[in-house]
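Quick look at structure.txt (compact mmCIF, C-alpha atoms):
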# COMPACT_ATOMS: atom_id res chain seq x y z
CA MET A 1 -57.44 110.11 7.31
CA ARG A 2 -59.92 108.53 4.95
CA THR A 3 -62.90 106.46 5.82
CA GLN A 4 -62.83 102.81 4.96
CA ARG A 5 -65.37 101.72 2.41
CA GLY A 6 -68.59 100.60 4.12
CA CYS A 7 -67.65 101.99 7.56
CA THR A 8 -70.10 104.46 9.11
CA HIS A 9 -67.48 105.79 11.53
CA SER A 10 -66.57 108.75 9.33
CA GLY A 11 -63.02 109.96 9.93
CA SER A 12 -62.16 107.04 12.22
CA CYS A 13 -60.44 104.72 9.77
CA SER A 14 -56.70 104.49 9.56
CA PRO A 15 -54.79 105.11 6.31
CA GLY A 16 -55.02 102.10 4.07
CA GLY A 17 -58.48 101.25 5.38
CA HIS A 18 -57.27 98.37 7.51
CA TRP A 19 -58.54 99.49 10.90
CA CYS A 20 -61.47 101.42 12.26
CA THR A 21 -60.11 103.20 15.33
CA ARG A 22 -63.44 104.02 16.89
CA GLY A 23 -63.77 102.18 20.19
CA THR A 24 -63.12 98.47 19.85
CA CYS A 25 -64.46 97.91 16.35
CA PRO A 26 -61.64 95.94 14.69
CA ILE A 27 -62.01 95.88 10.92
CA ASN A 28 -59.07 93.57 10.45
CA VAL A 29 -60.45 90.29 9.16
CA PRO A 30 -59.56 89.51 5.50
CA SER A 31 -62.53 88.95 3.24
CA ARG A 32 -63.25 88.14 -0.38
CA LEU A 33 -65.00 91.40 -1.21
CA SER A 34 -63.92 93.45 -4.22
CA SER A 35 -60.64 95.39 -4.02
CA HIS A 36 -60.60 99.01 -2.89
CA ASP A 37 -57.73 101.29 -4.00
CA GLY A 38 -55.65 98.30 -4.94
CA GLU A 39 -56.03 96.62 -1.55
CA PRO A 40 -58.38 93.85 -0.44
CA SER A 41 -61.48 95.35 1.12
CA ARG A 42 -62.21 94.67 4.77
CA PRO A 43 -65.54 93.64 6.27
CA SER A 44 -67.96 96.54 6.63
CA CYS A 45 -68.21 98.07 10.08
CA ARG A 46 -71.88 98.98 10.43
CA HIS A 47 -73.45 100.84 13.38
CA LEU A 48 -76.93 99.54 14.03
CA LEU A 49 -78.77 102.76 13.28
CA PRO A 50 -82.36 103.03 12.03
CA THR A 51 -81.09 105.02 9.03
CA ASP A 52 -78.85 102.24 7.77
CA PRO A 53 -79.75 101.19 4.24
CA PRO A 54 -80.81 97.56 3.72
CA LEU A 55 -77.94 95.11 3.54
CA LYS A 56 -77.36 93.84 0.02
CA GLU A 57 -74.90 91.08 0.81
CA GLN A 58 -77.30 88.13 0.68
CA SER A 59 -74.48 85.65 1.35
CA TYR A 60 -73.20 87.34 4.48
CA ALA A 61 -74.10 87.01 8.14
CA ALA A 62 -73.74 89.58 10.90
CA SER A 63 -71.44 88.74 13.80
CA PRO A 64 -71.83 91.57 16.38
CA VAL A 65 -69.05 92.93 18.58
CA PRO A 66 -69.14 95.71 21.19
CA SER A 67 -67.98 99.24 20.44
CA ALA A 68 -67.30 102.33 22.51
CA GLY A 69 -70.11 104.01 24.35
CA GLY A 70 -72.05 100.81 24.88
CA ARG A 71 -73.18 100.62 21.25
CA SER A 72 -72.81 97.55 19.15
CA CYS A 73 -71.35 97.09 15.72
CA SER A 74 -71.72 94.06 13.51
CA LEU A 75 -68.98 92.75 11.30
CA VAL A 76 -70.55 91.68 8.04
CA LEU A 77 -68.60 88.49 7.46
CA PRO A 78 -69.01 85.78 4.86
CA VAL A 79 -71.01 82.92 6.33
CA TRP A 80 -68.28 80.51 5.27
CA HIS A 81 -65.53 82.46 7.06
CA SER A 82 -63.75 80.51 9.77
CA GLN A 83 -63.77 83.50 12.14
CA ALA A 84 -67.46 84.38 11.67
CA HIS A 85 -68.41 82.94 15.07
CA SER A 86 -65.09 83.15 16.88
CA LEU A 87 -65.97 86.19 19.00
CA PRO A 88 -67.09 85.60 22.60
CA VAL A 89 -70.79 84.93 22.77
CA LYS A 90 -71.21 87.19 25.79
CA HIS A 91 -70.44 90.17 23.51
CA TRP A 92 -73.24 89.39 21.06
CA PRO A 93 -76.22 91.76 21.19
CA SER A 94 -79.63 90.63 22.25
CA PRO A 95 -82.71 90.78 19.99
CA GLN A 96 -84.42 92.60 22.87
CA THR A 97 -82.39 95.74 22.05
CA GLY A 98 -83.58 95.77 18.48
CA GLN A 99 -80.19 94.73 17.16
CA VAL A 100 -81.47 92.36 14.50
CA PRO A 101 -81.55 94.86 11.62
CA SER A 102 -81.55 92.43 8.72
CA SER A 103 -84.58 90.47 9.92
CA THR A 104 -86.58 93.58 10.79
CA ARG A 105 -85.82 95.08 7.41
CA TYR A 106 -86.97 91.89 5.72
CA MET A 107 -90.17 91.94 7.78
CA SER A 108 -90.88 95.59 6.93
CA GLN A 109 -90.33 94.81 3.25
CA GLY A 110 -92.70 91.86 3.37
CA LYS A 111 -89.90 89.33 2.90
CA HIS A 112 -91.23 87.04 5.62
CA THR A 113 -89.55 83.87 4.34
CA GLU A 114 -86.09 85.44 4.34
CA ALA A 115 -86.67 87.00 7.75
CA ARG A 116 -87.94 83.74 9.20
CA GLU A 117 -84.96 81.75 7.90
CA LEU A 118 -82.55 84.33 9.30
CA MET A 119 -84.21 84.39 12.71
CA TYR A 120 -84.48 80.60 12.87
CA SER A 121 -80.78 80.09 12.11
CA GLY A 122 -79.92 82.83 14.60
CA ALA A 123 -82.00 81.17 17.31
CA LEU A 124 -80.25 77.85 16.72
CA LEU A 125 -76.89 79.61 16.98
CA PHE A 126 -77.82 81.28 20.27
CA PHE A 127 -79.12 77.97 21.63
CA SER A 128 -75.86 76.26 20.71
CA HIS A 129 -73.96 78.77 22.88
CA GLY A 130 -76.36 78.67 25.81
CA GLN A 131 -77.93 82.09 25.19
CA GLN A 132 -81.45 81.05 26.21
CA ASN A 133 -83.03 84.50 26.48
CA SER A 134 -81.85 85.74 23.10
CA ALA A 135 -82.73 82.44 21.46
CA ALA A 136 -86.22 82.51 22.97
CA ASP A 137 -86.76 86.05 21.70
CA LEU A 138 -85.80 85.03 18.19
CA SER A 139 -88.04 81.97 18.44
CA MET A 140 -91.00 84.22 19.24
CA LEU A 141 -90.09 86.38 16.25
CA VAL A 142 -90.21 83.29 14.05
CA LEU A 143 -93.77 82.72 15.22
CA GLU A 144 -94.61 86.37 14.64
CA SER A 145 -93.40 86.03 11.07
CA LEU A 146 -95.61 82.98 10.53
CA GLU A 147 -98.63 84.82 11.93
CA LYS A 148 -98.16 88.01 9.94
CA ALA A 149 -97.46 86.22 6.68
CA GLU A 150 -100.46 83.88 7.20
CA VAL A 151 -98.31 80.96 6.12
CA ASP A 152 -99.99 77.62 5.52
CA VAL A 153 -99.07 74.82 7.91
CA ALA A 154 -96.35 72.53 6.53
CA ASP A 155 -94.38 69.64 8.01
CA GLU A 156 -91.09 71.53 7.67
CA LEU A 157 -92.41 74.52 9.61
CA LEU A 158 -93.87 72.28 12.31
CA GLY A 159 -90.53 70.51 12.58
CA ASN A 160 -88.72 73.85 12.98
CA LEU A 161 -91.07 74.93 15.75
CA ALA A 162 -90.67 71.60 17.53
CA LYS A 163 -86.88 71.93 17.22
CA LEU A 164 -86.93 75.36 18.88
CA PHE A 165 -89.22 74.00 21.60
CA SER A 166 -86.86 71.11 22.31
CA LEU A 167 -83.89 73.47 22.78
CA MET A 168 -85.65 75.78 25.24
CA ASP A 169 -85.11 75.49 28.97
CA PRO A 170 -87.96 73.22 30.20
CA ASN A 171 -88.51 75.48 33.22
CA SER A 172 -88.55 78.80 31.38
CA PRO A 173 -91.81 80.78 31.13
CA GLU A 174 -90.90 81.62 27.53
CA ARG A 175 -91.35 77.97 26.62
CA VAL A 176 -94.94 77.96 27.87
CA ALA A 177 -95.75 81.09 25.90
CA PHE A 178 -94.02 79.71 22.81
CA VAL A 179 -95.86 76.38 22.74
CA SER A 180 -99.22 78.03 23.37
CA ARG A 181 -98.71 80.46 20.51
CA ALA A 182 -97.32 77.77 18.20
CA LEU A 183 -100.33 75.52 18.76
CA LYS A 184 -102.70 78.40 18.14
CA TRP A 185 -101.01 79.18 14.83
CA SER A 186 -100.93 75.53 13.75
CA GLY A 187 -104.65 75.24 14.44
CA GLY A 188 -105.45 78.18 12.23
CA GLY A 189 -106.18 80.50 15.15
CA SER A 190 -109.80 79.34 15.24
CA GLY A 191 -109.80 78.01 18.78
CA LYS A 192 -108.79 74.49 17.76
CA LEU A 193 -106.36 72.55 19.87
CA GLY A 194 -103.51 72.66 17.37
CA HIS A 195 -102.18 70.52 14.55
CA PRO A 196 -101.91 66.79 15.41
CA ARG A 197 -98.42 66.57 13.94
CA LEU A 198 -97.15 69.40 16.15
CA HIS A 199 -98.74 67.75 19.18
CA GLN A 200 -96.94 64.53 18.29
CA LEU A 201 -93.54 66.26 18.00
CA LEU A 202 -94.07 68.07 21.29
CA ALA A 203 -95.10 64.82 22.96
CA LEU A 204 -91.94 63.07 21.79
CA THR A 205 -89.76 65.89 23.14
CA LEU A 206 -91.49 65.87 26.52
CA TRP A 207 -91.22 62.09 26.64
CA LYS A 208 -87.44 62.34 26.22
CA GLU A 209 -87.43 64.81 29.11
CA GLN A 210 -89.45 62.29 31.17
CA ASN A 211 -92.24 64.81 31.53
CA TYR A 212 -94.84 62.07 31.16
CA CYS A 213 -97.93 64.04 32.18
CA GLU A 214 -97.41 66.77 29.60
CA SER A 215 -96.34 64.22 27.02
CA ARG A 216 -99.56 62.24 27.54
CA TYR A 217 -101.63 65.39 27.03
CA HIS A 218 -100.03 66.10 23.64
CA PHE A 219 -100.24 62.46 22.59
CA LEU A 220 -103.98 62.59 23.24
CA HIS A 221 -104.32 65.38 20.69
CA SER A 222 -102.16 63.63 18.10
CA ALA A 223 -102.85 60.61 15.95
CA ASP A 224 -99.93 58.60 17.35
CA GLY A 225 -101.60 55.90 19.40
CA GLU A 226 -98.58 53.61 19.22
CA GLY A 227 -96.20 56.29 20.50
CA CYS A 228 -98.60 57.08 23.31
CA ALA A 229 -98.74 53.41 24.32
CA ASN A 230 -94.96 53.08 24.38
CA MET A 231 -94.68 56.20 26.52
CA LEU A 232 -97.34 54.88 28.92
CA VAL A 233 -95.48 51.58 29.29
CA GLU A 234 -92.35 53.48 30.33
CA TYR A 235 -94.40 55.79 32.56
CA SER A 236 -96.08 52.87 34.31
CA THR A 237 -92.94 50.80 34.85
CA SER A 238 -90.83 53.72 36.10
CA ARG A 239 -93.32 55.81 38.11
CA GLY A 240 -96.44 53.73 38.76
CA PHE A 241 -97.48 50.97 41.14
CA ARG A 242 -97.77 47.44 39.89
CA SER A 243 -101.42 47.38 40.97
CA GLU A 244 -102.19 50.31 38.65
CA VAL A 245 -100.84 48.99 35.38
CA ASP A 246 -104.39 48.70 34.01
CA MET A 247 -105.37 52.23 35.04
CA PHE A 248 -102.70 53.90 32.91
CA VAL A 249 -104.12 52.57 29.66
CA ALA A 250 -107.77 52.71 30.78
CA GLN A 251 -107.59 56.46 31.29
CA ALA A 252 -105.88 57.00 27.93
CA VAL A 253 -108.45 54.88 26.04
CA LEU A 254 -111.41 56.63 27.65
CA GLN A 255 -109.95 60.05 26.92
CA PHE A 256 -109.24 59.15 23.30
CA LEU A 257 -112.86 58.07 22.95
CA CYS A 258 -114.04 61.34 24.51
CA LEU A 259 -112.12 63.08 21.71
CA LYS A 260 -113.85 60.81 19.15
CA ASN A 261 -110.52 59.25 18.20
CA LYS A 262 -111.63 55.63 18.11
CA SER A 263 -108.73 54.34 16.00
CA SER A 264 -106.04 55.73 18.34
CA ALA A 265 -107.94 54.36 21.34
CA SER A 266 -107.81 50.89 19.87
CA VAL A 267 -104.12 51.17 18.91
CA VAL A 268 -103.02 52.42 22.32
CA PHE A 269 -104.89 49.60 24.08
CA THR A 270 -103.51 46.85 21.85
CA THR A 271 -99.93 48.13 21.93
CA TYR A 272 -99.90 48.76 25.68
CA THR A 273 -101.27 45.33 26.63
CA GLN A 274 -98.85 43.59 24.30
CA LYS A 275 -95.70 45.42 25.43
CA HIS A 276 -96.24 45.95 29.15
CA PRO A 277 -94.13 43.38 31.06
CA SER A 278 -96.69 43.05 33.88
CA ILE A 279 -99.66 42.19 31.65
CA GLU A 280 -100.17 38.63 30.55
CA ASN A 281 -101.26 37.88 27.04
CA GLY A 282 -104.94 38.45 26.45
CA PRO A 283 -107.79 38.94 26.02
CA PRO A 284 -109.21 37.88 28.32
CA PHE A 285 -107.00 39.54 30.92
CA VAL A 286 -106.43 38.93 34.60
CA GLN A 287 -107.33 42.55 35.39
CA PRO A 288 -111.11 43.15 35.16
CA LEU A 289 -110.62 46.77 34.08
CA LEU A 290 -108.69 45.68 31.01
CA ASN A 291 -111.51 43.31 30.10
CA PHE A 292 -113.97 46.19 30.44
CA ILE A 293 -111.93 48.38 28.07
CA TRP A 294 -111.71 45.51 25.59
CA PHE A 295 -115.49 45.01 25.65
CA LEU A 296 -116.06 48.76 25.46
CA LEU A 297 -114.07 49.06 22.24
CA LEU A 298 -116.13 46.25 20.75
CA ALA A 299 -119.35 47.92 21.89
CA VAL A 300 -118.32 51.23 20.33
CA ASP A 301 -117.95 49.48 16.98
CA GLY A 302 -121.41 47.93 17.38
CA GLY A 303 -123.13 51.08 18.66
CA LYS A 304 -125.80 49.23 20.68
CA LEU A 305 -126.94 51.15 23.75
CA THR A 306 -128.14 48.05 25.62
CA VAL A 307 -124.69 46.47 25.39
CA PHE A 308 -123.06 49.66 26.62
CA THR A 309 -125.51 49.97 29.54
CA VAL A 310 -125.11 46.38 30.72
CA LEU A 311 -121.34 46.61 30.38
CA CYS A 312 -121.14 49.70 32.60
CA GLU A 313 -123.39 48.10 35.22
CA GLN A 314 -121.47 44.83 35.40
CA TYR A 315 -118.07 46.49 35.82
CA GLN A 316 -119.02 49.13 38.39
CA PRO A 317 -116.61 47.72 41.04
CA SER A 318 -113.70 48.33 38.67
CA LEU A 319 -115.05 51.70 37.49
CA ARG A 320 -115.23 52.98 41.06
CA ARG A 321 -111.44 52.91 41.29
CA ASP A 322 -111.37 56.33 39.62
CA PRO A 323 -114.30 58.77 39.97
CA MET A 324 -113.55 60.23 36.54
CA TYR A 325 -114.35 56.98 34.74
CA ASN A 326 -118.10 57.51 34.94
CA GLU A 327 -117.68 61.08 33.68
CA TYR A 328 -115.80 59.77 30.67
CA LEU A 329 -118.42 57.08 30.08
CA ASP A 330 -121.23 59.65 30.16
CA ARG A 331 -119.52 61.53 27.36
CA ILE A 332 -118.79 58.33 25.42
CA GLY A 333 -122.45 57.34 25.73
CA GLN A 334 -123.48 60.66 24.19
CA LEU A 335 -120.98 60.42 21.33
CA PHE A 336 -121.34 56.79 20.28
CA PHE A 337 -124.63 55.47 21.69
CA GLY A 338 -127.03 58.40 21.47
CA VAL A 339 -127.41 58.87 25.21
CA PRO A 340 -128.93 62.31 25.90
CA PRO A 341 -126.80 64.65 28.01
CA LYS A 342 -127.67 65.15 31.63
CA GLN A 343 -129.99 68.12 32.17
CA THR A 344 -130.58 69.97 35.38
CA SER A 345 -133.87 71.82 35.74
CA SER A 346 -134.64 74.65 38.11
CA TYR A 347 -138.15 73.23 38.52
CA GLY A 348 -138.77 70.03 40.39
CA GLY A 349 -141.34 67.26 40.24
CA LEU A 350 -144.02 66.98 37.58
CA LEU A 351 -143.80 70.61 36.50
CA GLY A 352 -140.10 70.29 35.88
CA ASN A 353 -140.50 67.14 33.84
CA LEU A 354 -143.27 68.74 31.80
CA LEU A 355 -141.25 71.85 31.03
CA SER A 356 -138.19 69.74 30.15
CA SER A 357 -140.22 67.65 27.71
CA LEU A 358 -141.73 70.74 26.08
CA MET A 359 -138.39 72.54 25.76
CA GLY A 360 -136.41 69.47 24.81
CA SER A 361 -137.83 69.08 21.32
CA SER A 362 -137.20 72.73 20.37
CA GLU A 363 -133.64 72.72 21.71
CA GLN A 364 -132.63 69.36 20.33
CA GLU A 365 -131.61 70.60 16.88
CA GLU A 366 -129.64 73.51 18.31
CA GLY A 367 -127.90 71.30 20.83
CA GLU A 368 -126.78 68.60 18.41
CA GLU A 369 -124.27 70.78 16.62
CA SER A 370 -122.78 72.26 19.78
CA GLN A 371 -122.66 68.85 21.43
CA GLU A 372 -120.67 67.51 18.53
CA ASP A 373 -117.68 69.77 19.11
CA SER A 374 -117.82 70.59 22.81
CA SER A 375 -116.57 68.41 25.61
CA PRO A 376 -117.48 69.05 29.25
CA ILE A 377 -114.57 66.97 30.44
CA GLU A 378 -111.18 68.47 31.11
CA LEU A 379 -108.49 66.13 29.75
CA ASP A 380 -105.41 66.63 31.88
What's the structure tokens form of this structure?
Amino acid sequence: MRTQRGCTHSGSCSPGGHWCTRGTCPINVPSRLSSHDGEPSRPSCRHLLPTDPPLKEQSYAASPVPSAGGRSCSLVLPVWHSQAHSLPVKHWPSPQTGQVPSSTRYMSQGKHTEARELMYSGALLFFSHGQQNSAADLSMLVLESLEKAEVDVADELLGNLAKLFSLMDPNSPERVAFVSRALKWSGGGSGKLGHPRLHQLLALTLWKEQNYCESRYHFLHSADGEGCANMLVEYSTSRGFRSEVDMFVAQAVLQFLCLKNKSSASVVFTTYTQKHPSIENGPPFVQPLLNFIWFLLLAVDGGKLTVFTVLCEQYQPSLRRDPMYNEYLDRIGQLFFGVPPKQTSSYGGLLGNLLSSLMGSSEQEEGEESQEDSSPIELD
């Protein structure tokens, strides 16, 4: 009995090379490989062993099937073959067992692009058949490839990551780990909050899932003020009280300003007030809080501290509706109007004031740079 060409099951192939008789590894699918002994060659039956040489068939994809003894074989089939994905999905191996030889070989050889493309297409295939765990594992491997190769951020890569995120089970812990790692990579791994474009794509996905709180968070870290406003309109009309229509946009505008994103703050306010069915055309508006936000945006453009101070004093009844408003305004005053940050001293009375004045001038230059990038307010 001779061994079929490309089959590692030595001595297990039937005469003529049509069948591998080891276990349930059927080498019986016609292919377009070169002829062998006058007969059409069959797809290669390959055990997934560490000693396997690298696959050379660049135009072929592995479709795994089970074999005897609990081991898995993969039929190397042409990607265009009609039977390439006809086997039951439950028999496919999981990436957790290390049965992704082609991608790991590519990674070990430094071929990160080829490995990433293979793992991305494999993840999409697993997602399409409901194999969430295997698909999530491959998605994490895609991120690992991006990290090891130190790939520059590109729109196509961000779109691929957002696509994988959208296909994951919203309640799976793997999704939380994936998005955290993806944002870290997109931000350059320097502690930044992530690329604005990726935040926008994540926000749109979460919006479709009606996860408005998480969507609002990602919109805040994107540059899509209009998309954020449209989401807030839907959020307010479907989940909020009619008496709180002004509070939805007020919180978003104040948080955008705390992040020094003045343009998005203006866009989200204008779009929200124009499209919300419960808000009459303005300004001025019926709701005092909306008038305050309108005046605040004008004051930010002017940069006059006296205007900002009088504005906050006059609208205190409206600002008391949410205790966080004054926290936001303290930060906005520091960023746009030169208000010094609040300082707490361990010494009281005259001695404390004297020490604060003496130490303030020496610490001012050191504090300006840190104050520029740090925010004491948690934006939920």
Counting all atoms listed in the file, which residue out of A:Met119, A:Ala229, A:Leu319, A:Leu290 sits closest to Lys275 (chain A)?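 Residue with the minimum atom-to-atom distance to Lys275 (chain A): A:Ala229.
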Quick one: residues within 10 Å of Glu209 (chain A), only C-alpha atoms counted, chain neighbours fewer than 6 positions away excluded, as a short mmCIF file (atom, residue, chain, number, x, y, z; two decimals) with C-alpha atoms, keeping the file's coordinate frame?
data_model
loop_
_atom_site.label_atom_id
_atom_site.label_comp_id
_atom_site.auth_asym_id
_atom_site.auth_seq_id
_atom_site.Cartn_x
_atom_site.Cartn_y
_atom_site.Cartn_z
CA SER A 166 -86.86 71.11 22.31
CA PRO A 170 -87.96 73.22 30.20
CA ALA A 203 -95.10 64.82 22.96
CA SER A 215 -96.34 64.22 27.02
#
Nearest to Leu254 (chain A), chosen from A:Thr237, A:Asn281, A:Ser318, A:Asn326, with all atoms listed in the file counted in the distances: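 Closest residue, counting all atoms listed in the file: A:Asn326.
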Could you tell me how far CA of Phe248 (chain A) sits from CA of Leu158 (chain A), in Å to one decimal place?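 So the two atoms, CA of Leu158 (chain A) and CA of Phe248 (chain A), lie 29.0 Å apart.
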Which residue gives the smallest distance to Pro277 (chain A) among A:Ser238, A:Asn160, A:Thr205, A:Asn171, with only C-alpha atoms counted? A:Ser238
Who sits within 9 Å of Met247 (chain A), all atoms listed in the file, same chain under 2 positions skipped, as a PyMOL selection string: chain A and resi 243-245+249-252+289-290+321-322
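The closest residue to Ser139 (chain A), picked from A:Asp152, A:Phe269, A:Asp169, A:Arg175 and counting only C-alpha atoms, is A:Arg175.
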Neighbours of Cys213 (chain A) within 12 Å (all atoms listed in the file; same-chain residues fewer than 3 positions away dropped), as a VMD selection string? chain A and resid 203 206 to 207 209 to 210 216 to 220 228 231 to 232 235 to 236 239 248 252 379 to 380
Using only C-alpha atoms, which of A:Ala115, A:Ala265, A:Leu204, A:Leu141 sits nearest Val300 (chain A)?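 Nearest to Val300 (chain A): A:Ala265.
Across the structure, CA of Ser266 (chain A) and CA of Glu214 (chain A) are spaced 21.3 Å apart.
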Please compute the CA of Ser180 (chain A)-CA of Val233 (chain A) distance, one decimal, in Å.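 We find that CA of Ser180 (chain A) and CA of Val233 (chain A) lie 27.4 Å from each other.
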Let me make sure I understand: among A:Gly333, A:Gly187, A:Gly240, A:Pro323, which one has the smallest atom-to-atom distance to Leu257 (chain A) if we use all atoms listed in the file?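 Distance minimum relative to Leu257 (chain A) lands on A:Gly333.
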For Ala123 (chain A), please output as a ChimeraX atom specification all residues within 12 Å (counting only C-alpha atoms; exclusion window: fewer than 2 positions along the same chain). /A:94-95,100,116-121,125-142,160-161,163-165,167-168
With all heavy atoms as the goal, would you fill in the gaps in region 216-224 of chain A and present it as a PDB file, in the frame of the given file?
ATOM      1  N   ARG A 216     -98.293  62.949  27.744  1.00  0.00           N
ATOM      2  CA  ARG A 216     -99.560  62.240  27.540  1.00  0.00           C
ATOM      3  C   ARG A 216    -100.634  63.193  27.005  1.00  0.00           C
ATOM      4  O   ARG A 216    -101.421  62.821  26.132  1.00  0.00           O
ATOM      5  CB  ARG A 216    -100.018  61.615  28.855  1.00  0.00           C
ATOM      6  CG  ARG A 216    -101.285  60.792  28.740  1.00  0.00           C
ATOM      7  CD  ARG A 216    -101.558  60.036  30.037  1.00  0.00           C
ATOM      8  NE  ARG A 216    -101.757  60.932  31.155  1.00  0.00           N
ATOM      9  CZ  ARG A 216    -102.941  61.493  31.464  1.00  0.00           C
ATOM     10  NH1 ARG A 216    -103.989  61.240  30.713  1.00  0.00           N
ATOM     11  NH2 ARG A 216    -103.046  62.288  32.498  1.00  0.00           N
ATOM     12  N   TYR A 217    -100.649  64.417  27.516  1.00  0.00           N
ATOM     13  CA  TYR A 217    -101.630  65.390  27.030  1.00  0.00           C
ATOM     14  C   TYR A 217    -101.479  65.621  25.523  1.00  0.00           C
ATOM     15  O   TYR A 217    -102.459  65.625  24.769  1.00  0.00           O
ATOM     16  CB  TYR A 217    -101.479  66.709  27.781  1.00  0.00           C
ATOM     17  CG  TYR A 217    -102.272  67.838  27.162  1.00  0.00           C
ATOM     18  CD1 TYR A 217    -103.633  67.976  27.414  1.00  0.00           C
ATOM     19  CD2 TYR A 217    -101.663  68.749  26.299  1.00  0.00           C
ATOM     20  CE1 TYR A 217    -104.364  68.999  26.834  1.00  0.00           C
ATOM     21  CE2 TYR A 217    -102.390  69.772  25.719  1.00  0.00           C
ATOM     22  CZ  TYR A 217    -103.735  69.885  25.989  1.00  0.00           C
ATOM     23  OH  TYR A 217    -104.456  70.892  25.397  1.00  0.00           O
ATOM     24  N   HIS A 218    -100.245  65.827  25.070  1.00  0.00           N
ATOM     25  CA  HIS A 218    -100.030  66.100  23.640  1.00  0.00           C
ATOM     26  C   HIS A 218    -100.257  64.855  22.799  1.00  0.00           C
ATOM     27  O   HIS A 218    -100.727  64.966  21.657  1.00  0.00           O
ATOM     28  CB  HIS A 218     -98.635  66.667  23.434  1.00  0.00           C
ATOM     29  CG  HIS A 218     -98.461  68.067  23.948  1.00  0.00           C
ATOM     30  ND1 HIS A 218     -99.050  69.164  23.351  1.00  0.00           N
ATOM     31  CD2 HIS A 218     -97.793  68.544  25.031  1.00  0.00           C
ATOM     32  CE1 HIS A 218     -98.742  70.258  24.029  1.00  0.00           C
ATOM     33  NE2 HIS A 218     -97.970  69.910  25.046  1.00  0.00           N
ATOM     34  N   PHE A 219     -99.929  63.676  23.334  1.00  0.00           N
ATOM     35  CA  PHE A 219    -100.240  62.460  22.590  1.00  0.00           C
ATOM     36  C   PHE A 219    -101.742  62.306  22.380  1.00  0.00           C
ATOM     37  O   PHE A 219    -102.186  61.815  21.336  1.00  0.00           O
ATOM     38  CB  PHE A 219     -99.687  61.233  23.325  1.00  0.00           C
ATOM     39  CG  PHE A 219     -98.287  60.852  22.921  1.00  0.00           C
ATOM     40  CD1 PHE A 219     -97.282  60.730  23.874  1.00  0.00           C
ATOM     41  CD2 PHE A 219     -97.977  60.593  21.595  1.00  0.00           C
ATOM     42  CE1 PHE A 219     -95.995  60.368  23.512  1.00  0.00           C
ATOM     43  CE2 PHE A 219     -96.686  60.231  21.217  1.00  0.00           C
ATOM     44  CZ  PHE A 219     -95.697  60.122  22.178  1.00  0.00           C
ATOM     45  N   LEU A 220    -102.529  62.702  23.367  1.00  0.00           N
ATOM     46  CA  LEU A 220    -103.980  62.590  23.240  1.00  0.00           C
ATOM     47  C   LEU A 220    -104.515  63.417  22.078  1.00  0.00           C
ATOM     48  O   LEU A 220    -105.523  63.040  21.457  1.00  0.00           O
ATOM     49  CB  LEU A 220    -104.659  63.044  24.532  1.00  0.00           C
ATOM     50  CG  LEU A 220    -104.616  62.066  25.710  1.00  0.00           C
ATOM     51  CD1 LEU A 220    -105.168  62.727  26.963  1.00  0.00           C
ATOM     52  CD2 LEU A 220    -105.399  60.806  25.392  1.00  0.00           C
ATOM     53  N   HIS A 221    -103.854  64.510  21.769  1.00  0.00           N
ATOM     54  CA  HIS A 221    -104.320  65.380  20.690  1.00  0.00           C
ATOM     55  C   HIS A 221    -103.551  65.131  19.389  1.00  0.00           C
ATOM     56  O   HIS A 221    -103.638  65.939  18.463  1.00  0.00           O
ATOM     57  CB  HIS A 221    -104.188  66.836  21.111  1.00  0.00           C
ATOM     58  CG  HIS A 221    -105.055  67.191  22.279  1.00  0.00           C
ATOM     59  ND1 HIS A 221    -106.419  67.300  22.183  1.00  0.00           N
ATOM     60  CD2 HIS A 221    -104.746  67.426  23.578  1.00  0.00           C
ATOM     61  CE1 HIS A 221    -106.928  67.612  23.367  1.00  0.00           C
ATOM     62  NE2 HIS A 221    -105.931  67.685  24.237  1.00  0.00           N
ATOM     63  N   SER A 222    -102.831  64.043  19.330  1.00  0.00           N
ATOM     64  CA  SER A 222    -102.160  63.630  18.100  1.00  0.00           C
ATOM     65  C   SER A 222    -102.853  62.380  17.576  1.00  0.00           C
ATOM     66  O   SER A 222    -103.840  61.918  18.135  1.00  0.00           O
ATOM     67  CB  SER A 222    -100.680  63.347  18.375  1.00  0.00           C
ATOM     68  OG  SER A 222    -100.519  62.141  19.114  1.00  0.00           O
ATOM     69  N   ALA A 223    -102.319  61.854  16.503  1.00  0.00           N
ATOM     70  CA  ALA A 223    -102.850  60.610  15.950  1.00  0.00           C
ATOM     71  C   ALA A 223    -101.890  59.450  16.177  1.00  0.00           C
ATOM     72  O   ALA A 223    -102.008  58.417  15.517  1.00  0.00           O
ATOM     73  CB  ALA A 223    -103.117  60.786  14.448  1.00  0.00           C
ATOM     74  N   ASP A 224    -100.972  59.608  17.115  1.00  0.00           N
ATOM     75  CA  ASP A 224     -99.930  58.600  17.350  1.00  0.00           C
ATOM     76  C   ASP A 224    -100.307  57.738  18.553  1.00  0.00           C
ATOM     77  O   ASP A 224     -99.798  57.917  19.663  1.00  0.00           O
ATOM     78  CB  ASP A 224     -98.590  59.294  17.594  1.00  0.00           C
ATOM     79  CG  ASP A 224     -97.427  58.318  17.645  1.00  0.00           C
ATOM     80  OD1 ASP A 224     -97.656  57.120  17.395  1.00  0.00           O
ATOM     81  OD2 ASP A 224     -96.294  58.754  17.935  1.00  0.00           O
TER      82      ASP A 224
END
